[in-house]
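Take a look at the structure set out below.
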Amino acid sequence: MERYSGPGAICPGDFRKFWRPRVISSIEREVHTPLALSFFRESRTQKHFLEFFTANIRNQNTRRAYLRASTGFLNWCSERGVVTLSSIQPIHVAAWIEELGANHSVQTVKQRLAAIRHLFDWLVTGQIIPINPAASVRGPSHSVRRGKTAVLSPDETRTLLDSIDVSTPAGLRDRALIGLMVYTFARVGAALGMTVEDVFVQQRRLWVRLHEKGGKRHEMPCHHNLEAYLHEYIDGCNLAKDLKAPLFRTIGRGTKLLTLNPLPQANAFAMIQRRVKAAGIDTKVCCHSFRATGITAYLKNGGTLEKAAAMANHASTRTTQLYDRRSDEVTLDEVERVLI
């Protein structure tokens, strides 16, 4: 492997032969700063750094988050005169964590600490550095009983779905995507990762196949509303002719037609913001809001926590409880008892 030879060389030629350009560009986009690059002048260090994100991390979202955290920490160190991996000490990690805590949530701080812990563990195993400077650093304490994701009421969700103009491919796509997340409790990453063949008929009912985190395959029957949305989308956009193609795709510029490119998560988020605003809904929602909305609606209508966990593909009902917002209505009713 050649030595570092300037901007962009963090991904050397032999690495580029075997990895998709999308993976290479994501790594170079995060690491391509003079400060971060100063840590990777030796080819052996480059190799182990790249292997951590490619051979050790399979999930694309985790890879992106860990890359951002690692680069952020290395930039922070460089700005303070720490320019080699071996010179990084626990006190540097602790100071970085302290500084992050002033502007970021506890969950974000803990995730970024976990990222550099795992990176340094990998570098210790590869004999790049002698010890892991992040191993002895404690993260902030954090206890969660209720999730922070905003939830829509059933009326708001119905208003949103009905407000979408389905006379265009974009409208059919957007209604199908939002409906999928609401009725199957799907994560946006799992929804966007679907291909056309992941919508199939079984037991005379339409089913969907979701590829969840950790390589788990999760199959769910469709609610009758979702079944209608998916049929109208697939038939209206003539998607059944290529079963291997992405189910949710971008819209071509100037054509208003679907392309063969998968819809990126950032585009899905932007679409949801536009649709929510157009529907006159003031709640600040994100992609995950529909997962929480679906779970809450299911539980309010007599569903059990255990079955909700199975439908959401949660390993524990404790995770599902974070999405249960039935207590919000109780709280609002009790607040109105303060008669002054």
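Chain labels run A, B, ... following the order of the structure tokens; each chain numbers its residues from 1, and ligands are numbered from 1 in the order shown.
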Trp76 in chain A: which residues within 12 Å, counting only C-alpha atoms, same-chain residues fewer than 4 positions away excluded, as a PDB file with C-alpha atoms, in the first residue's frame?
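File around_34.pdb, as written:
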```pdb
ATOM      1  CA  THR A  33      -9.587  17.747   6.211  1.00  0.00           C
ATOM      2  CA  LEU A  35      -6.267  18.266  10.514  1.00  0.00           C
ATOM      3  CA  ALA A  36      -7.687  14.733  10.412  1.00  0.00           C
ATOM      4  CA  ALA A  69     -17.374  11.102  15.546  1.00  0.00           C
ATOM      5  CA  SER A  70     -13.819   9.884  14.903  1.00  0.00           C
ATOM      6  CA  THR A  71     -13.004  12.709  12.501  1.00  0.00           C
ATOM      7  CA  GLY A  72     -14.512  15.265  14.851  1.00  0.00           C
ATOM      8  CA  ARG A  80      -4.984  21.704  20.370  1.00  0.00           C
ATOM      9  CA  GLY A  81      -1.577  20.545  19.193  1.00  0.00           C
ATOM     10  CA  VAL A  82      -2.058  16.777  19.540  1.00  0.00           C
ATOM     11  CA  VAL A  83      -1.092  15.523  16.083  1.00  0.00           C
ATOM     12  CA  ILE A  88      -3.595  11.070  22.609  1.00  0.00           C
ATOM     13  CA  HIS A  92      -7.795  14.606  25.934  1.00  0.00           C
ATOM     14  CA  VAL A  93     -10.757  12.284  25.481  1.00  0.00           C
ATOM     15  CA  ALA A  95     -11.923  17.113  27.816  1.00  0.00           C
ATOM     16  CA  TRP A  96     -13.531  16.453  24.437  1.00  0.00           C
ATOM     17  CA  ILE A  97     -16.462  14.671  26.097  1.00  0.00           C
ATOM     18  CA  GLU A  99     -16.951  20.045  25.690  1.00  0.00           C
ATOM     19  CA  LEU A 100     -19.427  17.978  23.678  1.00  0.00           C
TER      20      LEU A 100
END
```
Selection: 8 Å around Tyr66 in chain A, only C-alpha atoms, excl. self and same-chain fewer than 4 positions, as a PDB file with C-alpha atoms, in the first residue's frame:
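Result went into selection.pdb, see below:
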```pdb
ATOM      1  CA  THR A  62     -23.277   3.216  12.066  1.00  0.00           C
ATOM      2  CA  SER A  70     -13.819   9.884  14.903  1.00  0.00           C
ATOM      3  CA  ARG A 112     -19.420   9.486  20.002  1.00  0.00           C
ATOM      4  CA  ALA A 115     -17.223   5.339  18.438  1.00  0.00           C
ATOM      5  CA  ILE A 116     -13.716   6.388  19.412  1.00  0.00           C
TER       6      ILE A 116
END
```
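If you measure from each of A:Arg117, A:Arg58, A:Lys241, A:His48 to Phe73 in chain A using only C-alpha atoms, the closest one turns out to be A:Arg117.
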With only C-alpha atoms as the counted atoms, please give the residues lying no more than 7 Å from range 145-161 of chain A, apart from itself and same-chain residues fewer than 3 positions off, as a PyMOL selection string. chain A and resi 164+175+276+279+284-285+288-289+292-293+297+322-323
Practice problem: Quick one: pull the distance between CA of Asn313 in chain A and CA of Val188 in chain A, Å, one decimal. | Solution: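 Taking CA of Asn313 in chain A and CA of Val188 in chain A, their separation equals 13.6 Å.
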Inset, instruction - Select from range 106-262 of chain A everything DSSP, run on the backbone, classes as helix (DSSP H, G or I), then give the selection as a ChimeraX atom specification. - result: /A:106-125,154-163,169-184,188-192,196-198,213-215,224-236
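For the pair CA of Val196 in chain A and CA of Ala55 in chain A, the interatomic distance is 28.6 Å.
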Atom-to-atom span, CA of Thr255 in chain A and CA of Pro169 in chain A, Å: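 It comes out at 10.5 Å.
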**Request:** Write out as a list in words all residues of range 182-297 of chain A that DSSP puts in strand (DSSP E or B) for this structure's backbone.
**Result:**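 Assigned to strand (DSSP E or B), within range 182-297 of chain A: Thr195, Val199, Phe200, Val201, Gln202, Arg205, Leu206, Trp207, Val208, Arg209, Leu210, His211, Arg217, His218, Glu219, Met220, Pro221, Pro246, Arg249, Thr250, Ile251, Leu258, Thr259, Leu260, Asn261 and Pro262 of chain A.
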For Gly179 in chain A, find every residue with an atom within 8 Å (counting only C-alpha atoms), except residues of its own chain fewer than 3 positions away, and show them as an MDAnalysis selection string.
chainID A and resid 161 175:176 182:183 225:226 229
I'd like the neighbourhood of Thr304 in chain A as a ChimeraX atom specification, where a residue qualifies if any of its atoms comes within 12 Å (using only C-alpha atoms), though same-chain residues fewer than 5 positions away should be ignored. /A:295-299,309-311,317,320-321,324
Need the shell around Trp122 in chain A: protein/DNA/RNA residues with any atom at most 7 Å away, counting only C-alpha atoms. Skip same-chain ones fewer than 4 positions apart. Format as JSON, numbers by chain?
{"A": [52, 118, 126]}
From the list A:Glu227, A:Asp121, A:Asp174, A:Glu51, the nearest residue to Arg275 in chain A using only C-alpha atoms is A:Asp174
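Residues within 9 Å of range 260-272 of chain A, counting only C-alpha atoms and excluding same-chain residues fewer than 3 positions away, are Asp174, Leu177, Ile178, Val188, Gly189, Leu192, Gly193, Ala245, Pro246, Leu247, Phe248, Arg249, Thr250, Ile251, Arg275, Val276, Lys277, Val285, Cys286 and Cys287 of chain A.
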Using only C-alpha atoms, the residue out of A:Asp235, A:Asn75, A:Trp207, A:Leu123 with shortest distance to Gln46 in chain A is A:Leu123
